[in-house]
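J.: Provided below: entry.cif, containing mmCIF, C-alpha atoms.
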```
data_input
loop_
_atom_site.label_atom_id
_atom_site.label_comp_id
_atom_site.auth_asym_id
_atom_site.auth_seq_id
_atom_site.Cartn_x
_atom_site.Cartn_y
_atom_site.Cartn_z
CA MET A 43 7.48 19.75 -27.52
CA SER A 44 8.33 22.67 -25.23
CA SER A 45 11.73 22.95 -23.61
CA ALA A 46 13.50 24.41 -20.59
CA GLU A 47 16.84 26.22 -20.46
CA PHE A 48 19.30 25.16 -17.78
CA ASP A 49 22.60 26.95 -17.10
CA VAL A 50 25.41 25.59 -14.91
CA ASP A 51 28.59 27.69 -14.83
CA ASP A 52 29.47 28.13 -18.51
CA ASN A 53 27.33 25.18 -19.64
CA LYS A 54 23.94 25.77 -21.24
CA PHE A 55 21.45 22.97 -21.71
CA THR A 56 18.15 22.84 -23.58
CA LEU A 57 16.01 20.16 -21.95
CA PRO A 58 12.70 18.82 -23.33
CA VAL A 59 9.55 19.17 -21.25
CA VAL A 60 6.85 16.49 -21.02
CA LYS A 61 3.45 18.14 -20.56
CA ALA A 62 1.28 16.60 -17.82
CA THR A 63 -2.48 16.16 -18.14
CA GLU A 64 -2.71 17.45 -14.58
CA GLY A 65 -0.05 18.32 -12.04
CA PRO A 66 3.52 19.46 -12.67
CA ASP A 67 5.15 19.07 -16.08
CA GLY A 68 8.34 17.03 -16.33
CA ILE A 69 11.76 18.31 -17.38
CA VAL A 70 13.71 15.47 -19.02
CA VAL A 71 17.19 15.66 -17.48
CA SER A 72 18.65 12.48 -19.03
CA LYS A 73 20.88 14.53 -21.33
CA LEU A 74 22.80 15.95 -18.36
CA ARG A 75 24.48 12.59 -17.80
CA ASN A 76 25.99 12.69 -21.28
CA ASP A 77 27.45 16.11 -20.55
CA GLY A 78 29.05 15.19 -17.23
CA TRP A 79 26.28 16.27 -14.85
CA VAL A 80 23.78 14.38 -12.68
CA THR A 81 20.88 15.68 -10.62
CA LEU A 82 21.10 15.10 -6.87
CA ASP A 83 17.66 14.62 -5.31
CA PRO A 84 17.69 12.66 -2.00
CA GLY A 85 14.40 10.88 -1.49
CA PHE A 86 13.41 11.72 -5.10
CA LEU A 87 11.35 14.66 -3.86
CA THR A 88 11.31 16.33 -7.29
CA THR A 89 12.33 13.45 -9.56
CA ALA A 90 9.76 11.61 -11.70
CA GLN A 91 10.91 8.12 -12.64
CA CYS A 92 8.27 7.58 -15.31
CA GLU A 93 5.20 8.80 -17.13
CA SER A 94 2.03 7.14 -15.84
CA LYS A 95 -1.67 7.11 -16.67
CA ILE A 96 -2.80 5.23 -13.57
CA THR A 97 -3.14 7.49 -10.51
CA PHE A 98 -3.29 11.25 -10.02
CA ILE A 99 -2.78 13.00 -6.68
CA ASP A 100 -3.09 16.68 -5.86
CA GLY A 101 -1.89 16.87 -2.28
CA SER A 102 -2.87 20.50 -1.82
CA LYS A 103 -6.52 19.88 -2.76
CA SER A 104 -7.13 16.44 -1.23
CA VAL A 105 -7.51 14.85 -4.68
CA LEU A 106 -6.92 11.16 -5.41
CA ARG A 107 -8.11 9.63 -8.68
CA TYR A 108 -7.65 6.22 -10.27
CA ARG A 109 -7.65 6.47 -14.07
CA GLY A 110 -9.47 9.79 -13.71
CA TYR A 111 -12.19 8.56 -11.33
CA PRO A 112 -12.33 10.28 -7.90
CA ILE A 113 -11.65 7.90 -5.03
CA GLU A 114 -14.86 9.07 -3.32
CA GLN A 115 -16.99 7.94 -6.29
CA LEU A 116 -15.23 4.58 -6.54
CA CYS A 117 -15.77 3.91 -2.83
CA GLU A 118 -19.42 4.86 -3.09
CA LYS A 119 -20.35 3.06 -6.31
CA SER A 120 -17.72 0.43 -7.11
CA ASP A 121 -16.11 -2.58 -5.45
CA PHE A 122 -12.56 -3.82 -5.03
CA LEU A 123 -12.45 -6.21 -8.00
CA GLU A 124 -13.96 -3.63 -10.36
CA VAL A 125 -11.31 -1.15 -9.21
CA ALA A 126 -8.64 -3.82 -9.76
CA TRP A 127 -9.85 -4.21 -13.35
CA LEU A 128 -9.92 -0.44 -13.81
CA LEU A 129 -6.34 -0.02 -12.61
CA ARG A 130 -5.07 -2.80 -14.86
CA HIS A 131 -7.02 -1.99 -18.05
CA GLY A 132 -7.64 1.75 -17.82
CA GLU A 133 -11.44 1.61 -18.22
CA LEU A 134 -14.34 0.32 -16.16
CA PRO A 135 -15.39 -3.20 -17.21
CA THR A 136 -18.58 -4.21 -18.95
CA GLN A 137 -20.82 -6.59 -17.03
CA GLU A 138 -19.46 -9.51 -19.06
CA GLN A 139 -15.85 -8.50 -18.43
CA TYR A 140 -16.51 -8.00 -14.73
CA ASP A 141 -18.26 -11.35 -14.31
CA ARG A 142 -15.47 -13.20 -16.13
CA PHE A 143 -12.80 -11.39 -14.10
CA CYS A 144 -14.49 -12.28 -10.79
CA SER A 145 -14.93 -15.89 -11.91
CA ASP A 146 -11.28 -16.19 -12.99
CA ILE A 147 -10.10 -14.93 -9.61
CA ASN A 148 -12.57 -16.96 -7.53
CA HIS A 149 -11.60 -20.19 -9.29
CA ARG A 150 -7.89 -19.66 -8.61
CA THR A 151 -8.09 -18.88 -4.90
CA MET A 152 -7.32 -22.44 -3.83
CA VAL A 153 -3.71 -23.25 -2.96
CA GLY A 154 -2.39 -26.79 -3.37
CA GLU A 155 -1.33 -29.15 -0.59
CA ASP A 156 2.36 -28.68 -1.38
CA PHE A 157 1.96 -24.94 -0.99
CA ARG A 158 0.10 -25.41 2.30
CA THR A 159 3.01 -27.57 3.47
CA PHE A 160 5.43 -24.83 2.46
CA MET A 161 3.44 -22.23 4.41
CA GLY A 162 3.33 -24.56 7.40
CA SER A 163 7.12 -24.58 7.57
CA PHE A 164 7.20 -21.02 8.94
CA PRO A 165 7.26 -20.56 12.73
CA ARG A 166 3.92 -19.43 14.10
CA THR A 167 5.70 -16.37 15.47
CA ALA A 168 7.06 -15.33 12.05
CA HIS A 169 6.17 -11.79 11.02
CA PRO A 170 3.20 -11.82 8.62
CA MET A 171 4.90 -9.56 6.07
CA SER A 172 7.96 -11.82 5.88
CA MET A 173 5.66 -14.79 5.33
CA LEU A 174 3.66 -12.96 2.69
CA ALA A 175 6.72 -11.85 0.72
CA SER A 176 8.16 -15.37 0.84
CA ALA A 177 4.85 -16.90 -0.22
CA VAL A 178 4.39 -14.60 -3.23
CA ASN A 179 7.98 -15.27 -4.29
CA ALA A 180 7.33 -19.00 -3.94
CA LEU A 181 4.31 -18.83 -6.26
CA ALA A 182 6.75 -18.46 -9.15
CA THR A 183 8.14 -21.91 -8.35
CA PHE A 184 4.66 -23.45 -8.30
CA TYR A 185 3.61 -21.75 -11.55
CA PRO A 186 6.83 -21.56 -13.61
CA ASP A 187 4.90 -21.40 -16.89
CA THR A 188 3.62 -17.92 -15.91
CA THR A 189 6.99 -16.21 -15.40
CA ASP A 190 7.94 -15.14 -18.94
CA VAL A 191 7.53 -11.35 -18.87
CA SER A 192 7.59 -11.18 -22.68
CA ASP A 193 4.48 -13.39 -22.97
CA SER A 194 1.31 -11.35 -22.41
CA ASP A 195 -0.80 -14.46 -21.76
CA GLN A 196 1.59 -15.65 -19.05
CA LEU A 197 1.61 -12.16 -17.55
CA ASP A 198 -2.21 -12.13 -17.46
CA GLU A 199 -2.26 -15.52 -15.76
CA ALA A 200 0.38 -14.49 -13.21
CA ALA A 201 -1.59 -11.34 -12.35
CA THR A 202 -4.78 -13.37 -11.83
CA ILE A 203 -2.97 -15.99 -9.72
CA ILE A 204 -1.51 -13.32 -7.45
CA MET A 205 -4.82 -11.46 -7.08
CA ALA A 206 -6.57 -14.74 -6.22
CA LYS A 207 -4.07 -16.49 -4.00
CA VAL A 208 -2.78 -13.59 -1.91
CA ARG A 209 -6.21 -13.37 -0.30
CA THR A 210 -6.00 -17.06 0.66
CA ILE A 211 -2.38 -16.68 1.80
CA VAL A 212 -3.20 -13.74 4.07
CA SER A 213 -6.09 -15.65 5.65
CA TYR A 214 -3.78 -18.62 6.22
CA ILE A 215 -1.11 -16.42 7.84
CA PHE A 216 -3.76 -15.00 10.16
CA ARG A 217 -5.16 -18.39 11.16
CA ARG A 218 -1.72 -19.91 11.66
CA ARG A 219 -0.86 -17.13 14.11
CA ARG A 220 -3.95 -18.18 16.07
CA ASP A 221 -3.18 -21.92 15.77
CA GLU A 222 -6.37 -22.49 13.77
CA PRO A 223 -6.87 -24.68 10.69
CA MET A 224 -6.85 -23.12 7.25
CA LEU A 225 -10.24 -22.95 5.54
CA PHE A 226 -10.79 -23.56 1.86
CA PRO A 227 -12.32 -20.78 -0.27
CA ASP A 228 -16.03 -20.72 -1.11
CA TYR A 229 -16.49 -19.78 -4.78
CA SER A 230 -20.09 -18.69 -4.21
CA ARG A 231 -19.12 -15.76 -1.99
CA GLY A 232 -17.73 -12.35 -2.83
CA TYR A 233 -14.03 -11.51 -2.63
CA VAL A 234 -14.14 -9.65 0.70
CA ASP A 235 -16.99 -11.69 2.20
CA ASP A 236 -15.15 -14.96 1.65
CA PHE A 237 -11.88 -13.50 2.89
CA LEU A 238 -13.52 -12.66 6.23
CA ARG A 239 -15.05 -16.14 6.38
CA MET A 240 -11.63 -17.74 5.75
CA CYS A 241 -10.19 -15.60 8.54
CA PHE A 242 -12.84 -15.92 11.24
CA ALA A 243 -15.15 -18.88 10.60
CA VAL A 244 -15.12 -22.01 12.74
CA PRO A 245 -14.81 -25.23 10.69
CA TYR A 246 -18.08 -27.09 10.07
CA GLU A 247 -20.20 -24.25 11.42
CA PRO A 248 -22.17 -21.78 9.29
CA PHE A 249 -20.67 -18.32 9.09
CA GLU A 250 -22.21 -15.07 7.91
CA SER A 251 -19.90 -12.09 7.50
CA ASP A 252 -21.06 -8.84 9.05
CA PRO A 253 -22.23 -6.74 6.05
CA LEU A 254 -20.77 -3.57 7.59
CA TYR A 255 -17.38 -5.22 8.00
CA VAL A 256 -17.51 -6.51 4.42
CA HIS A 257 -18.30 -3.06 3.10
CA ALA A 258 -15.81 -1.26 5.34
CA LEU A 259 -12.92 -3.62 4.51
CA GLY A 260 -13.82 -3.41 0.83
CA ARG A 261 -13.49 0.39 0.99
CA LEU A 262 -10.11 0.12 2.77
CA LEU A 263 -8.86 -2.19 0.02
CA ILE A 264 -9.99 0.35 -2.59
CA ILE A 265 -8.32 3.34 -0.95
CA HIS A 266 -5.09 1.33 -0.63
CA ALA A 267 -5.19 -0.05 -4.18
CA ASP A 268 -2.69 2.44 -5.63
CA HIS A 269 -0.98 5.65 -4.62
CA GLU A 270 1.24 6.79 -7.44
CA GLN A 271 5.05 6.37 -7.17
CA ASN A 272 5.43 5.64 -3.47
CA CYS A 273 8.33 3.64 -2.01
CA SER A 274 6.98 0.12 -2.57
CA THR A 275 5.56 0.90 -6.02
CA SER A 276 8.89 2.37 -7.06
CA VAL A 277 10.58 -0.84 -5.88
CA VAL A 278 8.14 -2.92 -7.97
CA ARG A 279 8.97 -0.82 -11.03
CA ILE A 280 12.72 -0.93 -10.42
CA ALA A 281 12.67 -4.72 -9.99
CA GLY A 282 10.47 -5.08 -13.05
CA SER A 283 12.77 -2.90 -15.13
CA ALA A 284 15.34 -5.71 -14.83
CA HIS A 285 12.60 -8.06 -16.16
CA ALA A 286 12.22 -9.77 -12.82
CA ASN A 287 8.98 -11.74 -13.09
CA LEU A 288 5.76 -10.36 -11.63
CA TYR A 289 5.93 -12.57 -8.53
CA SER A 290 9.47 -11.41 -7.70
CA ALA A 291 8.67 -7.74 -8.31
CA ILE A 292 5.57 -7.81 -6.10
CA ALA A 293 7.46 -9.71 -3.38
CA ALA A 294 10.01 -6.88 -3.50
CA GLY A 295 7.18 -4.38 -3.09
CA ILE A 296 5.83 -6.30 -0.09
CA ASN A 297 9.26 -6.18 1.53
CA ALA A 298 9.44 -2.41 0.99
CA LEU A 299 5.91 -1.98 2.36
CA SER A 300 6.89 -3.84 5.52
CA GLY A 301 9.02 -0.91 6.67
CA PRO A 302 7.60 1.03 9.64
CA LEU A 303 7.93 4.31 7.74
CA HIS A 304 5.73 2.97 4.93
CA GLY A 305 3.07 0.28 5.43
CA GLY A 306 3.74 -0.12 9.14
CA ALA A 307 2.49 3.37 9.94
CA ASN A 308 -1.07 2.25 10.79
CA GLU A 309 0.29 -0.06 13.49
CA ALA A 310 2.34 2.86 14.85
CA VAL A 311 -0.84 4.98 15.06
CA LEU A 312 -2.55 2.34 17.19
CA ARG A 313 0.45 2.24 19.53
CA GLN A 314 0.37 6.04 19.71
CA LEU A 315 -3.32 6.11 20.61
CA LYS A 316 -2.72 3.50 23.32
CA ALA A 317 0.20 5.56 24.67
CA ILE A 318 -2.06 8.62 24.92
CA ARG A 319 -4.81 6.60 26.59
CA ASP A 320 -2.41 5.13 29.16
CA SER A 321 -0.33 8.27 29.75
CA GLY A 322 -2.47 9.67 32.53
CA LYS A 323 -2.74 12.90 30.55
CA THR A 324 -5.65 14.33 28.64
CA VAL A 325 -5.26 14.28 24.86
CA GLU A 326 -4.62 18.02 24.89
CA GLU A 327 -1.96 17.67 27.62
CA PHE A 328 -0.27 14.88 25.67
CA VAL A 329 -0.25 16.97 22.51
CA GLU A 330 1.30 19.92 24.32
CA TRP A 331 3.93 17.64 25.86
CA SER A 332 4.73 16.22 22.41
CA LYS A 333 5.09 19.70 20.92
CA GLU A 334 7.37 20.87 23.74
CA ASN A 335 9.58 17.81 23.40
CA GLY A 336 9.65 17.74 19.61
CA ARG A 337 7.87 14.37 19.49
CA ARG A 338 6.08 13.45 16.28
CA ILE A 339 2.48 12.26 16.59
CA SER A 340 1.83 9.24 14.36
CA GLY A 341 -0.99 9.53 11.83
CA LEU A 342 -0.68 13.28 11.34
CA GLY A 343 0.90 14.61 8.17
CA HIS A 344 1.80 13.02 4.83
CA ARG A 345 4.64 13.30 2.33
CA VAL A 346 2.20 14.18 -0.49
CA TYR A 347 -0.97 15.54 1.12
CA LYS A 348 -0.71 19.07 2.48
CA SER A 349 -4.41 19.05 3.32
CA TYR A 350 -6.78 16.37 4.64
CA ASP A 351 -5.96 12.95 3.19
CA PRO A 352 -9.09 11.97 1.18
CA ARG A 353 -8.53 8.33 2.14
CA ALA A 354 -8.65 9.27 5.83
CA ALA A 355 -12.02 10.95 5.31
CA ILE A 356 -13.42 7.72 3.82
CA ALA A 357 -11.94 5.53 6.55
CA LYS A 358 -13.32 7.82 9.25
CA GLN A 359 -16.86 7.44 7.88
CA TYR A 360 -16.73 3.68 8.29
CA LEU A 361 -15.10 3.77 11.70
CA GLU A 362 -17.89 6.05 12.90
CA LYS A 363 -20.49 3.61 11.55
CA ILE A 364 -18.82 0.70 13.33
CA MET A 365 -18.43 2.54 16.64
CA ALA A 366 -22.03 3.80 16.56
CA ARG A 367 -23.46 0.28 16.69
CA SER A 368 -24.80 -1.00 19.97
CA ASP A 369 -22.96 -4.34 19.77
CA THR A 370 -19.64 -2.44 19.43
CA SER A 371 -18.22 -5.23 17.23
CA ARG A 372 -15.14 -7.22 18.24
CA LEU A 373 -13.28 -4.27 19.74
CA PRO A 374 -12.35 -4.96 23.40
CA ALA A 375 -13.89 -2.57 25.90
CA ASP A 376 -10.58 -0.99 26.88
CA GLU A 377 -9.86 -0.25 23.22
CA ARG A 378 -13.15 1.52 22.54
CA ALA A 379 -11.59 4.50 24.28
CA LEU A 380 -9.05 4.69 21.46
CA PHE A 381 -11.78 5.95 19.14
CA ASP A 382 -12.50 8.82 21.54
CA VAL A 383 -8.77 9.57 21.74
CA ALA A 384 -8.51 9.63 17.94
CA THR A 385 -11.55 11.88 17.62
CA GLU A 386 -10.17 14.36 20.14
CA LEU A 387 -6.71 14.24 18.59
CA GLU A 388 -8.17 15.02 15.17
CA ARG A 389 -10.17 17.93 16.62
CA ILE A 390 -7.00 19.42 18.08
CA ALA A 391 -4.99 18.89 14.90
CA MET A 392 -7.65 20.57 12.78
CA SER A 393 -7.86 23.64 15.02
CA ASP A 394 -4.33 24.10 16.42
CA GLU A 395 -2.17 26.52 14.42
CA TYR A 396 0.89 24.41 15.22
CA PHE A 397 -0.49 21.54 13.13
CA ILE A 398 -2.27 23.66 10.54
CA SER A 399 0.84 25.69 9.70
CA ARG A 400 2.82 22.47 9.25
CA HIS A 401 0.07 20.78 7.18
CA LEU A 402 -0.19 18.00 9.76
CA TYR A 403 -3.66 16.71 8.97
CA PRO A 404 -4.88 13.14 9.65
CA ASN A 405 -3.63 10.68 7.04
CA VAL A 406 -4.99 7.30 5.94
CA ASP A 407 -3.22 5.46 8.74
CA PHE A 408 -4.99 7.53 11.39
CA TYR A 409 -8.20 5.48 11.31
CA THR A 410 -7.49 2.25 9.42
CA GLY A 411 -5.84 0.46 12.34
CA LEU A 412 -8.91 1.01 14.51
CA ILE A 413 -11.12 -0.46 11.78
CA TYR A 414 -8.89 -3.52 11.43
CA ARG A 415 -9.00 -4.00 15.21
CA ALA A 416 -12.77 -3.65 15.26
CA ILE A 417 -13.10 -6.34 12.59
CA GLY A 418 -10.87 -8.64 14.66
CA PHE A 419 -7.35 -8.43 13.22
CA ASP A 420 -4.34 -8.07 15.50
CA PRO A 421 -1.89 -5.19 14.82
CA ALA A 422 0.79 -7.43 13.25
CA MET A 423 -1.69 -8.14 10.42
CA PHE A 424 -2.38 -4.49 9.57
CA THR A 425 0.37 -4.08 6.98
CA THR A 426 -0.52 -7.43 5.43
CA LEU A 427 -4.06 -6.14 4.84
CA PHE A 428 -2.55 -2.98 3.32
CA ALA A 429 -0.56 -5.23 0.95
CA LEU A 430 -3.69 -7.17 0.00
CA GLY A 431 -5.28 -3.90 -1.11
CA ARG A 432 -2.15 -2.67 -2.93
CA ILE A 433 -1.77 -5.78 -5.14
CA PRO A 434 -3.90 -4.35 -8.04
CA GLY A 435 -1.88 -1.15 -8.13
CA TRP A 436 1.45 -2.98 -8.15
CA ILE A 437 0.22 -5.19 -11.00
CA ALA A 438 -0.97 -2.17 -13.00
CA GLN A 439 2.25 -0.24 -12.42
CA TYR A 440 4.41 -3.26 -13.38
CA ARG A 441 2.49 -3.78 -16.61
CA GLU A 442 2.57 -0.11 -17.51
CA MET A 443 6.32 -0.10 -16.93
CA LEU A 444 6.84 -3.11 -19.21
CA ALA A 445 4.72 -1.58 -21.98
CA ASP A 446 6.47 1.81 -21.86
CA PRO A 447 9.03 2.05 -24.71
CA ASN A 448 11.00 4.56 -22.64
CA THR A 449 11.59 2.10 -19.80
CA LYS A 450 15.24 1.36 -19.09
CA ILE A 451 16.67 -0.79 -16.33
CA GLY A 452 16.69 1.29 -13.16
CA ARG A 453 20.15 2.55 -12.44
CA PRO A 454 20.25 5.76 -10.35
CA ARG A 455 23.45 7.80 -10.33
CA GLN A 456 25.31 9.18 -7.34
CA VAL A 457 27.52 12.12 -6.43
CA TYR A 458 30.67 10.55 -5.00
CA THR A 459 32.05 12.41 -1.96
CA GLY A 460 34.41 9.76 -0.57
CA GLU A 461 38.19 9.55 -0.48
CA ASP A 462 40.29 10.33 -3.54
CA GLU A 463 42.65 7.64 -4.88
CA ARG A 464 45.17 6.47 -2.28
CA PRO A 465 47.73 3.65 -2.06
CA TYR A 466 47.14 0.44 -0.11
CA VAL A 467 49.06 0.34 3.19
CA PRO A 468 50.19 -3.09 4.44
CA MET A 469 48.80 -4.00 7.85
CA CYS A 470 52.23 -4.00 9.48
CA ASP A 471 52.73 -0.35 8.46
CA ARG A 472 49.39 0.96 9.72
CA GLY A 473 49.63 3.12 12.80
#
```
Would you mind writing the file out in structure tokens?
T.:
Amino acid sequence: MSSAEFDVDDNKFTLPVVKATEGPDGIVVSKLRNDGWVTLDPGFLTTAQCESKITFIDGSKSVLRYRGYPIEQLCEKSDFLEVAWLLRHGELPTQEQYDRFCSDINHRTMVGEDFRTFMGSFPRTAHPMSMLASAVNALATFYPDTTDVSDSDQLDEAATIIMAKVRTIVSYIFRRRRDEPMLFPDYSRGYVDDFLRMCFAVPYEPFESDPLYVHALGRLLIIHADHEQNCSTSVVRIAGSAHANLYSAIAAGINALSGPLHGGANEAVLRQLKAIRDSGKTVEEFVEWSKENGRRISGLGHRVYKSYDPRAAIAKQYLEKIMARSDTSRLPADERALFDVATELERIAMSDEYFISRHLYPNVDFYTGLIYRAIGFDPAMFTTLFALGRIPGWIAQYREMLADPNTKIGRPRQVYTGEDERPYVPMCDRG
């Protein structure tokens, strides 16, 4: 194993280096703690919390791969459940494995009457992400014999239950917001097809999902399935490192994803596009005003990608297909203009030196909200759909963390800069 030399004042350290298959190598700094030093890295910009074989990102080259497979190939040739298997097991399934996996999930999508009663206890105005996190946490109470993290069979069952029932839960959250009855799953349909039916069908009437919507939503679920050690995934791993069960860890990830700086960004993009549309300014005038006033434009730029987000390129393809159709889908007429605003905004961002020099290219959130709106989902549901797609990645990351012999309970250090020791002053003596 290679090593790195690190000098601080009169202290010299020899630190081991973990060689990466691709991307930056890792310098193991754990030894510094034993010698009275800690690394200070706000936001963990240069700190790796683990070794992982799941997802690789090269932000400078627009590269995203799951288990070595380019995201573009998976979106073109695969489907969401096959990608879920790939993330969990590391290899693409055989036909037999795939068929069994789909069957296992389809036959666990039903939720019991007690669980439906539990879901019905939330106010109709409750935020969908709060309901989703609570519901996933509650699954542990309905399936207590799947919560032992040391039992691989229980872990497999918990993963399948979550994959199956979150789809049903999300559809129920959506219908409850609209004061509509929950629909039972149809085992004969595909994962995405039946999800759309459970969301939009009218009881006792035949329903056929729009094939373009099925395919488009399936691609969005794939591009959201994992994204390396982001905020919510890190939370899942940290919770899991304490041996919190899979339900609890994924509920923690959902709560982290609910933040507007993380999963809520696609909703912010839609609000931004509406603000531009209603501003009375042209897109170019609005951009110039934003630059002059130091206002950030939502959907441009990414923490990791310093070039075009490959997920945005895929989402854009499907939005263009949807908007090119003569029936214009479910998108209200006044919102069709948002597509034109987004297209013009992207053109400016890709040609304006201000954005190019700052690597502010369209990210995945730039187009996904418009697709969700076209399909028929209201903005409050956007992050919930993001979570539905991210479930396979969270499961894979949790299981990899448990299997890693180097895993220790997460316990970051700090550099204390507060007051030194001082005596307590009685209240009557305080000036």
J.: For this structure, which residues satisfy the selection - the PyMOL selection byres ((chain A and resi 59-69) around 6) - when it is evaluated on the file as given? I want them as a PyMOL selection string.
T.: chain A and resi 44-45+58+70
J.: For a cutoff of 10 Å around the file-coordinate point (3.6, -18.2, -7.1), which residues qualify once you count all atoms listed in the file? I'd like the result as an mmCIF file with C-alpha atoms, keeping the file's coordinate frame.
T.:
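Written file, part-v4.cif:
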```cif
data_model
loop_
_atom_site.group_PDB
_atom_site.id
_atom_site.type_symbol
_atom_site.label_atom_id
_atom_site.label_comp_id
_atom_site.auth_asym_id
_atom_site.auth_seq_id
_atom_site.Cartn_x
_atom_site.Cartn_y
_atom_site.Cartn_z
ATOM 1 C CA VAL A 153 -3.710 -23.250 -2.960
ATOM 2 C CA PHE A 157 1.960 -24.940 -0.990
ATOM 3 C CA SER A 176 8.160 -15.370 0.840
ATOM 4 C CA ALA A 177 4.850 -16.900 -0.220
ATOM 5 C CA VAL A 178 4.390 -14.600 -3.230
ATOM 6 C CA ASN A 179 7.980 -15.270 -4.290
ATOM 7 C CA ALA A 180 7.330 -19.000 -3.940
ATOM 8 C CA LEU A 181 4.310 -18.830 -6.260
ATOM 9 C CA ALA A 182 6.750 -18.460 -9.150
ATOM 10 C CA THR A 183 8.140 -21.910 -8.350
ATOM 11 C CA PHE A 184 4.660 -23.450 -8.300
ATOM 12 C CA TYR A 185 3.610 -21.750 -11.550
ATOM 13 C CA PRO A 186 6.830 -21.560 -13.610
ATOM 14 C CA THR A 188 3.620 -17.920 -15.910
ATOM 15 C CA THR A 189 6.990 -16.210 -15.400
ATOM 16 C CA ALA A 200 0.380 -14.490 -13.210
ATOM 17 C CA ILE A 203 -2.970 -15.990 -9.720
ATOM 18 C CA ILE A 204 -1.510 -13.320 -7.450
ATOM 19 C CA LYS A 207 -4.070 -16.490 -4.000
ATOM 20 C CA VAL A 208 -2.780 -13.590 -1.910
ATOM 21 C CA LEU A 288 5.760 -10.360 -11.630
ATOM 22 C CA TYR A 289 5.930 -12.570 -8.530
ATOM 23 C CA SER A 290 9.470 -11.410 -7.700
#
```
J.: Taking (7.2, -0.3, -17.2) in the file's coordinates as the center, which residues reach within 10 Å of it, counting only C-alpha atoms, put as a PyMOL selection string?
T.: chain A and resi 92-94+278-280+282-283+285+438-451
J.: Within 12 Å of Gly418 (chain A), counting only C-alpha atoms, which residues show up once you throw out same-chain ones fewer than 2 positions away? Write them as an NGL selection string, please.
T.: :A and (216-217 or 220 or 238-239 or 241-243 or 252 or 255 or 259 or 370-374 or 411-416 or 420-424)
J.: Which residue out of A:Thr210, A:Ser72, A:Ser332, A:Gln359 has the minimum interatomic distance to Thr151 (chain A) when only C-alpha atoms are used?
T.: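 Checking each candidate against Thr151 (chain A), we get A:Thr210 as the closest.
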J.: The PyMOL selection byres ((chain A and resi 131) around 12) - which residues does that actually catch in the file I just gave you? List them as an MDAnalysis selection string.
T.: chainID A and resid 95:96 108:109 124:130 132:136 139:140 143 198 434:435 437:439 441:442
J.: If the PyMOL selection byres ((chain A and resi 272) around 12) is run on the structure shown, which residues does it catch, given as a compact mmCIF listing (two decimals) with C-alpha atoms, in the frame of the given file?
T.:
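Output saved as result-v9.txt:
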```txt
# COMPACT_ATOMS: atom_id res chain seq x y z
CA GLY A 85 14.40 10.88 -1.49
CA PHE A 86 13.41 11.72 -5.10
CA LEU A 87 11.35 14.66 -3.86
CA ALA A 90 9.76 11.61 -11.70
CA GLN A 91 10.91 8.12 -12.64
CA THR A 97 -3.14 7.49 -10.51
CA ILE A 99 -2.78 13.00 -6.68
CA HIS A 266 -5.09 1.33 -0.63
CA ASP A 268 -2.69 2.44 -5.63
CA HIS A 269 -0.98 5.65 -4.62
CA GLU A 270 1.24 6.79 -7.44
CA GLN A 271 5.05 6.37 -7.17
CA CYS A 273 8.33 3.64 -2.01
CA SER A 274 6.98 0.12 -2.57
CA THR A 275 5.56 0.90 -6.02
CA SER A 276 8.89 2.37 -7.06
CA VAL A 277 10.58 -0.84 -5.88
CA VAL A 278 8.14 -2.92 -7.97
CA ARG A 279 8.97 -0.82 -11.03
CA GLY A 295 7.18 -4.38 -3.09
CA ALA A 298 9.44 -2.41 0.99
CA LEU A 299 5.91 -1.98 2.36
CA LEU A 303 7.93 4.31 7.74
CA HIS A 304 5.73 2.97 4.93
CA GLY A 305 3.07 0.28 5.43
CA HIS A 344 1.80 13.02 4.83
CA ARG A 345 4.64 13.30 2.33
CA VAL A 346 2.20 14.18 -0.49
CA ARG A 432 -2.15 -2.67 -2.93
CA GLY A 435 -1.88 -1.15 -8.13
CA TRP A 436 1.45 -2.98 -8.15
CA GLN A 439 2.25 -0.24 -12.42
```
J.: Just give me the gap between CA of Val311 (chain A) and CA of Ser340 (chain A) in Å, one decimal is fine.
T.: 5.1 Å
J.: With all atoms listed in the file as the basis for distance, which of A:Tyr409, A:Tyr350, A:Tyr396, A:Trp79 is at the shortest distance from Ser102 (chain A)?
T.: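 Using all atoms listed in the file, the shortest distance to Ser102 (chain A) belongs to A:Tyr350.
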J.: Which residue gives the smallest distance to Leu116 (chain A) among A:Gly260, A:Gly78, A:Gly306, A:Pro253, with all atoms listed in the file counted?
T.: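 Checking each candidate against Leu116 (chain A), we get A:Gly260 as the closest.
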J.: Using Å and a single decimal, report how far CA of Leu361 (chain A) sits from CA of His169 (chain A).
T.: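 Result for CA of His169 (chain A) versus CA of Leu361 (chain A): 26.4 Å, one decimal.
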J.: Given the choices A:Phe122, A:Tyr360, A:Tyr466, A:Phe48, which gets closest to Gly232 (chain A) if the distance is worked out from all atoms listed in the file?
T.: A:Phe122
J.: Report as a ChimeraX atom specification all protein, DNA and RNA residues lying within 12 Å of Arg353 (chain A), evaluated on only C-alpha atoms, omitting residues in the same chain fewer than 4 positions from it.
T.: /A:99,101,104-107,112-117,261-269,344,347,349,357-360,403-410
J.: In Å, with one decimal, what is the gap from CA of Ser192 (chain A) to CA of Met205 (chain A)?
T.: 19.9 Å
J.: Tell me which protein, DNA and RNA residues are within 12 Å of Asp49 (chain A), counting only C-alpha atoms, leaving out same-chain ones fewer than 6 positions away, and put them as a list in words.
T.: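 Result of the neighbour search: Phe55, Thr56, Leu57, Leu74 and Trp79 of chain A.
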